[in-house]
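The file protein.tsv contains TSV, C-alpha atoms:
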```
chain	number	residue	atom	x	y	z
A	21	MET	CA	-24.39	-78.76	123.63
A	22	GLY	CA	-23.16	-75.19	124.04
A	23	VAL	CA	-20.67	-75.46	121.18
A	24	ARG	CA	-23.37	-77.01	118.99
A	25	ALA	CA	-25.70	-74.11	119.76
A	26	ALA	CA	-22.93	-71.64	118.95
A	27	GLY	CA	-22.31	-73.42	115.64
A	28	LYS	CA	-25.96	-73.01	114.69
A	29	GLU	CA	-25.64	-69.28	115.33
A	30	ALA	CA	-22.53	-68.79	113.20
A	31	TRP	CA	-23.87	-65.45	111.95
A	32	LEU	CA	-22.64	-64.06	115.28
A	33	LEU	CA	-19.03	-64.60	114.14
A	34	PRO	CA	-18.76	-61.46	111.96
A	35	VAL	CA	-20.60	-59.50	114.65
A	36	GLY	CA	-18.09	-60.65	117.25
A	37	ALA	CA	-15.18	-59.91	114.91
A	38	VAL	CA	-16.39	-56.36	114.29
A	39	VAL	CA	-16.85	-55.83	118.03
A	40	ALA	CA	-13.32	-57.15	118.66
A	41	LEU	CA	-11.86	-54.78	116.05
A	42	LEU	CA	-13.78	-51.83	117.48
A	43	ARG	CA	-12.62	-52.70	120.99
A	44	SER	CA	-9.03	-52.71	119.78
A	45	ALA	CA	-9.55	-49.42	117.94
A	46	ALA	CA	-10.86	-47.83	121.15
A	47	LEU	CA	-7.34	-47.99	122.62
A	48	VAL	CA	-5.61	-46.61	119.52
A	49	PRO	CA	-5.90	-42.90	120.51
A	50	ALA	CA	-4.15	-43.51	123.83
A	51	LEU	CA	-1.36	-45.48	122.15
A	52	ALA	CA	-0.99	-42.94	119.33
A	53	VAL	CA	-0.81	-39.94	121.66
A	54	GLY	CA	1.41	-41.83	124.10
A	55	LEU	CA	3.97	-42.46	121.35
A	56	ALA	CA	3.61	-39.27	119.32
A	57	LEU	CA	4.19	-36.74	122.10
A	58	PRO	CA	7.52	-38.19	123.39
A	59	LEU	CA	8.74	-38.49	119.79
A	60	GLU	CA	7.80	-34.86	119.22
A	61	GLY	CA	9.68	-33.89	122.37
A	62	ALA	CA	12.73	-35.84	121.19
A	63	ALA	CA	12.61	-34.17	117.76
A	64	ARG	CA	12.30	-30.70	119.30
A	65	ALA	CA	15.22	-31.30	121.65
A	66	MET	CA	17.29	-32.57	118.70
A	67	ARG	CA	16.58	-29.38	116.75
A	68	GLU	CA	17.50	-27.19	119.71
A	69	ARG	CA	20.71	-29.10	120.54
A	70	PRO	CA	21.83	-30.89	117.39
A	71	LEU	CA	25.31	-31.67	118.77
A	72	SER	CA	24.08	-33.43	121.91
A	73	PHE	CA	23.72	-37.21	121.79
A	74	VAL	CA	21.44	-37.33	124.84
A	75	ALA	CA	19.16	-34.49	123.71
A	76	PRO	CA	16.50	-36.79	122.13
A	77	LEU	CA	16.32	-38.95	125.26
A	78	GLU	CA	16.10	-35.94	127.54
A	79	GLY	CA	13.39	-34.39	125.38
A	80	ALA	CA	11.34	-37.58	125.37
A	81	LEU	CA	11.73	-37.98	129.15
A	82	ALA	CA	10.74	-34.35	129.73
A	83	VAL	CA	7.49	-34.92	127.89
A	84	GLY	CA	6.85	-38.41	129.25
A	85	THR	CA	7.24	-37.36	132.88
A	86	SER	CA	5.09	-34.23	132.69
A	87	VAL	CA	1.83	-34.17	134.60
A	88	ARG	CA	-0.21	-33.04	131.59
A	89	TYR	CA	1.14	-35.91	129.46
A	90	VAL	CA	0.34	-38.51	132.10
A	91	ALA	CA	-3.14	-37.06	132.67
A	92	LEU	CA	-3.89	-36.91	128.93
A	93	VAL	CA	-2.72	-40.46	128.18
A	94	ALA	CA	-4.38	-41.86	131.30
A	95	GLY	CA	-7.65	-40.13	130.41
A	96	LEU	CA	-7.56	-41.48	126.85
A	97	ALA	CA	-6.69	-44.97	128.10
A	98	LEU	CA	-9.50	-44.99	130.66
A	99	THR	CA	-11.98	-43.70	128.09
A	100	GLY	CA	-10.89	-46.33	125.59
A	101	ALA	CA	-11.09	-49.08	128.21
A	102	ALA	CA	-14.59	-47.95	129.23
A	103	LEU	CA	-15.74	-47.85	125.60
A	104	SER	CA	-14.24	-51.30	125.01
A	105	ALA	CA	-16.07	-52.67	128.06
A	106	VAL	CA	-19.38	-51.18	126.92
A	107	LEU	CA	-18.97	-52.71	123.46
A	108	ARG	CA	-18.32	-56.09	125.07
A	109	VAL	CA	-21.44	-55.76	127.22
A	110	LEU	CA	-23.51	-54.79	124.16
A	111	TYR	CA	-22.33	-57.91	122.38
A	112	LEU	CA	-23.06	-60.14	125.37
A	113	ALA	CA	-26.49	-58.58	125.85
A	114	GLY	CA	-27.46	-59.67	122.34
A	115	ALA	CA	-25.46	-62.87	121.84
A	116	LEU	CA	-26.28	-64.60	125.14
A	117	PRO	CA	-30.10	-64.48	124.77
A	118	THR	CA	-29.71	-65.75	121.21
A	119	LEU	CA	-27.64	-68.71	122.39
A	120	GLY	CA	-30.03	-69.25	125.28
A	121	ALA	CA	-32.99	-69.41	122.90
A	122	ARG	CA	-31.12	-71.96	120.79
A	123	LEU	CA	-30.33	-74.02	123.89
A	124	ALA	CA	-34.00	-73.86	124.89
A	125	GLY	CA	-34.98	-75.46	121.58
A	126	ASP	CA	-36.06	-72.43	119.54
A	127	ALA	CA	-35.42	-73.34	115.92
A	128	SER	CA	-35.05	-69.73	114.75
A	129	PRO	CA	-34.21	-67.46	117.69
A	130	ARG	CA	-34.46	-63.72	117.12
A	131	ALA	CA	-33.32	-62.51	120.49
A	132	PHE	CA	-30.28	-60.36	119.67
A	133	ALA	CA	-32.02	-56.98	119.32
A	134	ALA	CA	-34.49	-57.81	122.10
A	135	GLY	CA	-31.65	-58.85	124.39
A	136	VAL	CA	-29.78	-55.60	123.81
A	137	ALA	CA	-32.95	-53.61	124.45
A	138	TRP	CA	-34.12	-55.47	127.56
A	139	SER	CA	-31.05	-56.81	129.36
A	140	LEU	CA	-28.43	-54.09	128.72
A	141	PRO	CA	-28.88	-52.25	132.08
A	142	ARG	CA	-28.60	-55.48	134.06
A	143	GLN	CA	-25.68	-56.60	131.93
A	144	LEU	CA	-23.87	-53.36	132.72
A	145	ALA	CA	-24.40	-53.91	136.45
A	146	THR	CA	-23.27	-57.54	136.14
A	147	ALA	CA	-20.16	-56.45	134.22
A	148	LEU	CA	-19.36	-53.96	137.00
A	149	LEU	CA	-19.62	-56.69	139.64
A	150	ALA	CA	-17.41	-58.95	137.50
A	151	ALA	CA	-14.83	-56.18	137.16
A	152	LEU	CA	-14.79	-55.65	140.93
A	153	ALA	CA	-14.32	-59.39	141.48
A	154	GLU	CA	-11.43	-59.51	139.01
A	155	LEU	CA	-9.85	-56.44	140.61
A	156	ALA	CA	-10.07	-58.16	144.00
A	157	ALA	CA	-8.39	-61.27	142.58
A	158	ALA	CA	-5.70	-59.17	140.89
A	159	GLY	CA	-5.16	-57.23	144.13
A	160	TYR	CA	-4.67	-60.46	146.05
A	161	LEU	CA	-2.17	-61.68	143.45
A	162	LEU	CA	-0.25	-58.40	143.61
A	163	ALA	CA	-0.26	-58.43	147.41
A	164	ALA	CA	0.91	-62.05	147.50
A	165	THR	CA	3.71	-61.33	145.04
A	166	THR	CA	4.83	-58.26	146.98
A	167	GLY	CA	4.71	-60.14	150.29
A	168	VAL	CA	6.80	-63.03	148.94
A	169	LEU	CA	9.41	-60.65	147.51
A	170	GLN	CA	9.67	-58.66	150.73
A	171	ALA	CA	9.83	-61.78	152.89
A	172	GLY	CA	12.68	-63.18	150.82
A	173	ALA	CA	14.71	-59.97	150.78
A	174	GLY	CA	16.57	-60.61	154.06
A	175	GLU	CA	19.06	-63.23	155.14
A	176	LEU	CA	17.25	-66.55	155.61
A	177	SER	CA	18.32	-70.08	156.30
A	178	MET	CA	17.88	-72.79	153.70
A	179	GLU	CA	14.90	-74.30	155.57
A	180	ARG	CA	13.13	-70.96	155.76
A	181	ARG	CA	13.83	-70.28	152.09
A	182	LEU	CA	12.30	-73.61	151.12
A	183	ALA	CA	9.26	-72.94	153.31
A	184	LEU	CA	8.91	-69.43	151.88
A	185	ALA	CA	9.22	-70.75	148.34
A	186	THR	CA	6.51	-73.34	149.00
A	187	LEU	CA	4.16	-70.83	150.60
A	188	GLY	CA	4.87	-68.30	147.85
A	189	ALA	CA	4.16	-70.80	145.10
A	190	LEU	CA	0.91	-71.80	146.83
A	191	ALA	CA	-0.16	-68.16	147.25
A	192	LEU	CA	0.64	-67.30	143.63
A	193	ALA	CA	-1.17	-70.40	142.37
A	194	ILE	CA	-4.23	-69.39	144.39
A	195	GLY	CA	-4.02	-65.89	142.92
A	196	VAL	CA	-3.82	-67.12	139.32
A	197	ALA	CA	-6.65	-69.58	139.95
A	198	GLY	CA	-8.66	-66.74	141.48
A	199	LEU	CA	-8.29	-64.70	138.30
A	200	LEU	CA	-9.53	-67.63	136.22
A	201	VAL	CA	-12.43	-68.39	138.56
A	202	THR	CA	-13.59	-64.77	138.72
A	203	ARG	CA	-13.50	-64.51	134.92
A	204	VAL	CA	-15.54	-67.71	134.57
A	205	LEU	CA	-18.00	-66.59	137.25
A	206	GLY	CA	-18.40	-63.23	135.54
A	207	ASP	CA	-19.26	-64.88	132.21
A	208	ALA	CA	-21.61	-67.34	133.91
A	209	ALA	CA	-23.36	-64.51	135.76
A	210	ALA	CA	-23.71	-62.59	132.48
A	211	ALA	CA	-25.29	-65.68	130.91
A	212	ARG	CA	-27.78	-66.04	133.74
A	213	THR	CA	-28.60	-62.33	133.60
A	214	ALA	CA	-29.25	-62.43	129.87
A	215	ILE	CA	-30.98	-65.82	129.60
A	216	LEU	CA	-32.81	-66.19	132.91
A	217	GLY	CA	-33.46	-62.50	133.52
A	218	GLU	CA	-31.88	-62.58	136.99
A	219	ARG	CA	-30.61	-59.52	138.79
A	220	PRO	CA	-26.80	-59.13	139.01
A	221	GLY	CA	-26.53	-60.27	142.64
A	222	ALA	CA	-28.77	-63.28	142.12
A	223	ALA	CA	-26.94	-64.10	138.89
A	224	PHE	CA	-23.58	-64.15	140.69
A	225	ALA	CA	-25.02	-66.27	143.49
A	226	GLY	CA	-26.45	-68.72	140.94
A	227	ALA	CA	-23.18	-68.77	139.04
A	228	ALA	CA	-21.30	-69.53	142.27
A	229	ARG	CA	-23.70	-72.34	143.11
A	230	GLY	CA	-23.31	-73.80	139.63
A	231	TYR	CA	-19.52	-73.55	139.87
A	232	LEU	CA	-19.45	-75.32	143.24
A	233	ALA	CA	-21.76	-78.01	141.88
A	234	ARG	CA	-19.63	-78.61	138.74
A	235	PRO	CA	-16.17	-77.09	139.37
A	236	GLY	CA	-14.40	-79.42	136.97
A	237	ALA	CA	-16.62	-78.55	134.01
A	238	PHE	CA	-16.35	-74.79	134.57
A	239	THR	CA	-12.60	-74.82	135.23
A	240	PHE	CA	-11.74	-77.16	132.36
A	241	GLY	CA	-13.97	-75.21	130.00
A	242	GLY	CA	-12.38	-71.90	130.96
A	243	LEU	CA	-8.85	-73.30	130.63
A	244	ALA	CA	-9.61	-75.01	127.32
A	245	PHE	CA	-11.00	-71.90	125.68
A	246	ALA	CA	-8.22	-69.72	127.14
A	247	VAL	CA	-5.65	-72.06	125.59
A	248	ALA	CA	-7.62	-72.01	122.33
A	249	THR	CA	-7.53	-68.22	122.28
A	250	ILE	CA	-3.76	-68.24	122.77
A	251	ALA	CA	-3.39	-70.92	120.10
A	252	VAL	CA	-5.38	-68.90	117.55
A	253	GLY	CA	-3.08	-65.93	118.11
A	254	SER	CA	0.03	-68.12	117.95
A	255	LEU	CA	-0.97	-69.65	114.61
A	256	LEU	CA	-0.79	-66.20	113.02
A	257	GLN	CA	2.67	-65.37	114.36
A	258	PRO	CA	4.57	-66.97	111.41
A	259	ALA	CA	2.43	-65.07	108.92
A	260	THR	CA	3.04	-61.85	110.84
A	261	ALA	CA	6.81	-62.45	110.76
A	262	VAL	CA	6.72	-63.10	107.01
A	263	LEU	CA	4.76	-59.90	106.41
A	264	GLY	CA	7.28	-57.98	108.50
A	265	GLN	CA	10.18	-59.27	106.41
A	266	VAL	CA	8.40	-58.56	103.13
A	267	ALA	CA	7.41	-55.07	104.29
A	268	GLU	CA	11.12	-54.20	104.63
A	269	ARG	CA	11.59	-54.78	100.89
A	270	LEU	CA	8.35	-53.31	99.56
A	271	ASP	CA	6.46	-50.08	99.88
A	272	GLY	CA	4.44	-49.99	103.10
A	273	ALA	CA	1.23	-49.11	101.23
A	274	LEU	CA	1.44	-52.39	99.29
A	275	MET	CA	1.33	-54.36	102.55
A	276	LEU	CA	-1.81	-52.66	103.85
A	277	GLY	CA	-4.13	-55.20	102.19
A	278	PRO	CA	-2.40	-58.34	103.55
A	279	GLN	CA	-2.11	-56.77	107.00
A	280	LEU	CA	-5.81	-55.95	107.08
A	281	MET	CA	-6.66	-59.48	105.93
A	282	LEU	CA	-4.47	-60.94	108.67
A	283	ALA	CA	-6.14	-58.73	111.27
A	284	LEU	CA	-9.56	-59.84	110.01
A	285	VAL	CA	-8.59	-63.52	110.17
A	286	ALA	CA	-7.29	-63.02	113.71
A	287	ALA	CA	-10.53	-61.28	114.73
A	288	LEU	CA	-12.66	-64.03	113.20
A	289	GLY	CA	-10.63	-66.74	114.93
A	290	ALA	CA	-10.89	-65.00	118.29
A	291	ALA	CA	-14.62	-64.44	117.73
A	292	ALA	CA	-15.13	-68.14	116.95
A	293	VAL	CA	-13.39	-69.20	120.17
A	294	ASP	CA	-15.29	-66.59	122.17
A	295	LEU	CA	-18.63	-67.68	120.68
A	296	GLY	CA	-17.89	-71.30	121.54
A	297	TRP	CA	-17.07	-70.30	125.10
A	298	LEU	CA	-20.25	-68.23	125.44
A	299	GLY	CA	-22.31	-71.19	124.28
A	300	THR	CA	-20.53	-73.51	126.69
A	301	VAL	CA	-20.78	-71.22	129.71
A	302	SER	CA	-24.46	-70.56	128.91
A	303	ALA	CA	-25.18	-74.28	128.92
A	304	LEU	CA	-23.24	-74.77	132.17
A	305	ALA	CA	-24.67	-71.75	133.95
A	306	CYS	CA	-28.27	-72.59	133.06
A	307	ALA	CA	-28.00	-76.38	133.47
A	308	GLU	CA	-30.27	-76.32	136.52
A	309	VAL	CA	-33.22	-75.06	134.44
A	310	GLU	CA	-32.81	-77.33	131.42
A	311	ALA	CA	-36.04	-79.12	132.29
A	312	SER	CA	-38.10	-75.96	131.72
A	313	PRO	CA	-37.33	-73.38	129.01
A	314	PRO	CA	-35.87	-70.20	130.51
A	315	PRO	CA	-37.75	-66.91	130.21
A	316	LEU	CA	-36.37	-65.00	127.24
A	317	PRO	CA	-36.86	-61.42	126.08
A	318	PRO	CA	-39.86	-60.79	123.83
A	319	ARG	CA	-39.47	-61.82	120.20
A	320	VAL	CA	-39.19	-59.10	117.63
A	321	SER	CA	-40.56	-59.28	114.13
A	322	ALA	CA	-38.16	-59.98	111.27
```
Encoded form (structure tokens):
Amino acid sequence: MGVRAAGKEAWLLPVGAVVALLRSAALVPALAVGLALPLEGAARAMRERPLSFVAPLEGALAVGTSVRYVALVAGLALTGAALSAVLRVLYLAGALPTLGARLAGDASPRAFAAGVAWSLPRQLATALLAALAELAAAGYLLAATTGVLQAGAGELSMERRLALATLGALALAIGVAGLLVTRVLGDAAAARTAILGERPGAAFAGAARGYLARPGAFTFGGLAFAVATIAVGSLLQPATAVLGQVAERLDGALMLGPQLMLALVAALGAAAVDLGWLGTVSALACAEVEASPPPLPPRVSA
């Protein structure tokens, strides 16, 4: 049902693709500065000591280990990550009510602009709670990995090594599963916030209840769409390799068009998978209120 509703709202695909491209572009300044400054340091050291083979490396390390460089790149990266997160929340605030209206039986939902206007503050709070939950899951995974490595550093008997390996595998599996579950719960809570108008805490509680009631559907759906996202990116790898080989023989400017087209295809594919997942998680998260249409934001005139 969720995928069918997403298919009926296919106009969200280019919107999602543009948002994905903008989110990627938000991290470009940090990457550009992070690469340009060490290269500049290497070039300057090479000019000052042209006969030294290690001068470029020393110049790059001098720049890369400076406090100002780390602060500048970290600031740009955090700003880009925050902007990327806000763009994602803006998209969810408009797309989820639209999908919810379609799931509720509205033949021509016009809830995108109204959803952005009415549910953005709650979506921001829900996204913050989701980020905290994912950080907690990632912290557990890091702590479990560190604990296993430290426990296995000393001299142990074969029986203890087998027991440690079993416990370590179990702890790591729980950590990876925790990352998946928190991501699914965050998307489900966002759907309930946008479609049902719930507050962030109530939305997370409802999402947890729905997950416990139907853990197989949520887990399988999250895994399936995660694999689909990886598959969409993998399908473009051969084309990327071909473009790389051709670019070595042609002028770089001639390859700009094919590279942009490939990036657009990748963005559209990722947006299609993401839209299907949003429709699915909306249907799963709001399954308990299917009997009565959920309260939606006010309609806006065309």
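Pairwise distance (atom CA of A:Ala193, atom CA of A:Ala171) equals 17.5 Å.
Remark: for A:Ala37, the closest of the candidate residues A:Ala210, A:Ala244, A:Leu192, A:Arg108 is A:Arg108 (distances computed over all atoms listed in the file).
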Residues near A:Leu295, cut-off 12 Å, only C-alpha atoms, skip fewer than 5 positions along chain, as JSON, numbers by chain: {"A": [22, 23, 24, 25, 26, 27, 28, 29, 30, 31, 32, 33, 34, 35, 36, 37, 40, 111, 112, 115, 116, 118, 119, 207, 245, 248, 249, 287, 288, 289, 290, 300, 301, 302]}
Could you turn the residues from that selection into a file that holds C-alpha atoms, as a CSV table (one decimal), in the coordinates of the input?
```
chain,number,residue,atom,x,y,z
A,22,GLY,CA,-23.2,-75.2,124.0
A,23,VAL,CA,-20.7,-75.5,121.2
A,24,ARG,CA,-23.4,-77.0,119.0
A,25,ALA,CA,-25.7,-74.1,119.8
A,26,ALA,CA,-22.9,-71.6,119.0
A,27,GLY,CA,-22.3,-73.4,115.6
A,28,LYS,CA,-26.0,-73.0,114.7
A,29,GLU,CA,-25.6,-69.3,115.3
A,30,ALA,CA,-22.5,-68.8,113.2
A,31,TRP,CA,-23.9,-65.4,112.0
A,32,LEU,CA,-22.6,-64.1,115.3
A,33,LEU,CA,-19.0,-64.6,114.1
A,34,PRO,CA,-18.8,-61.5,112.0
A,35,VAL,CA,-20.6,-59.5,114.6
A,36,GLY,CA,-18.1,-60.6,117.2
A,37,ALA,CA,-15.2,-59.9,114.9
A,40,ALA,CA,-13.3,-57.2,118.7
A,111,TYR,CA,-22.3,-57.9,122.4
A,112,LEU,CA,-23.1,-60.1,125.4
A,115,ALA,CA,-25.5,-62.9,121.8
A,116,LEU,CA,-26.3,-64.6,125.1
A,118,THR,CA,-29.7,-65.8,121.2
A,119,LEU,CA,-27.6,-68.7,122.4
A,207,ASP,CA,-19.3,-64.9,132.2
A,245,PHE,CA,-11.0,-71.9,125.7
A,248,ALA,CA,-7.6,-72.0,122.3
A,249,THR,CA,-7.5,-68.2,122.3
A,287,ALA,CA,-10.5,-61.3,114.7
A,288,LEU,CA,-12.7,-64.0,113.2
A,289,GLY,CA,-10.6,-66.7,114.9
A,290,ALA,CA,-10.9,-65.0,118.3
A,300,THR,CA,-20.5,-73.5,126.7
A,301,VAL,CA,-20.8,-71.2,129.7
A,302,SER,CA,-24.5,-70.6,128.9
```
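Going from atom CA of A:Leu140 over to atom CA of A:Val38, you cover 18.9 Å.
One distance worth recording is that between atom CA of A:Ala208 and atom CA of A:Ala124, which is 16.7 Å.
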Nearest to A:Ala283, chosen from A:Ser44, A:Gln143, A:Ser86, A:Thr166, with only C-alpha atoms counted in the distances: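 Closest to A:Ala283 of all the choices is A:Ser44.
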Any idea what's packed within 7 Å of stretch 97-101 of chain A, counting all atoms listed in the file, ignoring anything in its chain fewer than 4 positions away? Could you give it as an MDAnalysis selection string? chainID A and resid 46:47 50 93 105
Nearest to A:Ala121: which of A:Ala233, A:Val252, A:Ala134, A:Val74 is it, counting only C-alpha atoms?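 Closest residue, counting only C-alpha atoms: A:Ala134.
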All residues 10 Å or closer to A:Arg203, only C-alpha atoms, same chain fewer than 4 positions away omitted, as a VMD selection string: chain A and resid 150 to 151 153 to 154 157 197 to 199 207 to 209 242
Go through A:Leu282, A:Ala158, A:Val106, A:Leu96 and flag the residue nearest A:Pro49, using all atoms listed in the file for the distances.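 Of A:Leu282, A:Ala158, A:Val106, A:Leu96, the one nearest A:Pro49, counting all atoms listed in the file, is A:Leu96.
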For A:Ala147, which of A:Val196, A:Ser177, A:Thr202, A:Arg122 is the closest residue, counting all atoms listed in the file?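 When distances to A:Ala147 are compared using all atoms listed in the file, the smallest one comes from A:Thr202.
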Ranking A:Ala91, A:Met66, A:Val293, A:Gly54 by minimum distance to A:Gly253 and counting only C-alpha atoms, which one comes first?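 Comparing A:Ala91, A:Met66, A:Val293, A:Gly54 against A:Gly253, the winner is A:Val293.
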At a cut-off of 9 Å, using all atoms listed in the file, what residues contact A:Ala62? Leave out same-chain residues fewer than 5 positions from it and give the result as a list of chain:residue names. A:Leu57, A:Arg67, A:Ala75, A:Pro76, A:Leu77, A:Glu78, A:Gly79, A:Ala80, A:Leu81, A:Ala82, A:Val83
Just so I have it separately, write stretch 175-192 of chain A from the block I sent, keeping C-alpha atoms, as a CSV table (one decimal), in the first residue's frame.
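That gives us part.csv:
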```
chain,number,residue,atom,x,y,z
A,175,GLU,CA,47.1,-13.8,26.6
A,176,LEU,CA,44.0,-16.0,26.7
A,177,SER,CA,43.3,-19.7,26.5
A,178,MET,CA,41.5,-21.2,23.6
A,179,GLU,CA,38.3,-21.6,25.5
A,180,ARG,CA,38.3,-18.0,26.7
A,181,ARG,CA,39.0,-16.8,23.1
A,182,LEU,CA,36.1,-18.8,21.8
A,183,ALA,CA,33.8,-17.4,24.5
A,184,LEU,CA,35.1,-13.8,23.9
A,185,ALA,CA,34.6,-14.2,20.1
A,186,THR,CA,31.0,-15.4,20.7
A,187,LEU,CA,30.2,-12.6,23.1
A,188,GLY,CA,31.9,-10.1,20.8
A,189,ALA,CA,29.9,-11.2,17.8
A,190,LEU,CA,26.7,-11.1,19.8
A,191,ALA,CA,27.5,-7.6,21.1
A,192,LEU,CA,28.4,-6.3,17.6
```
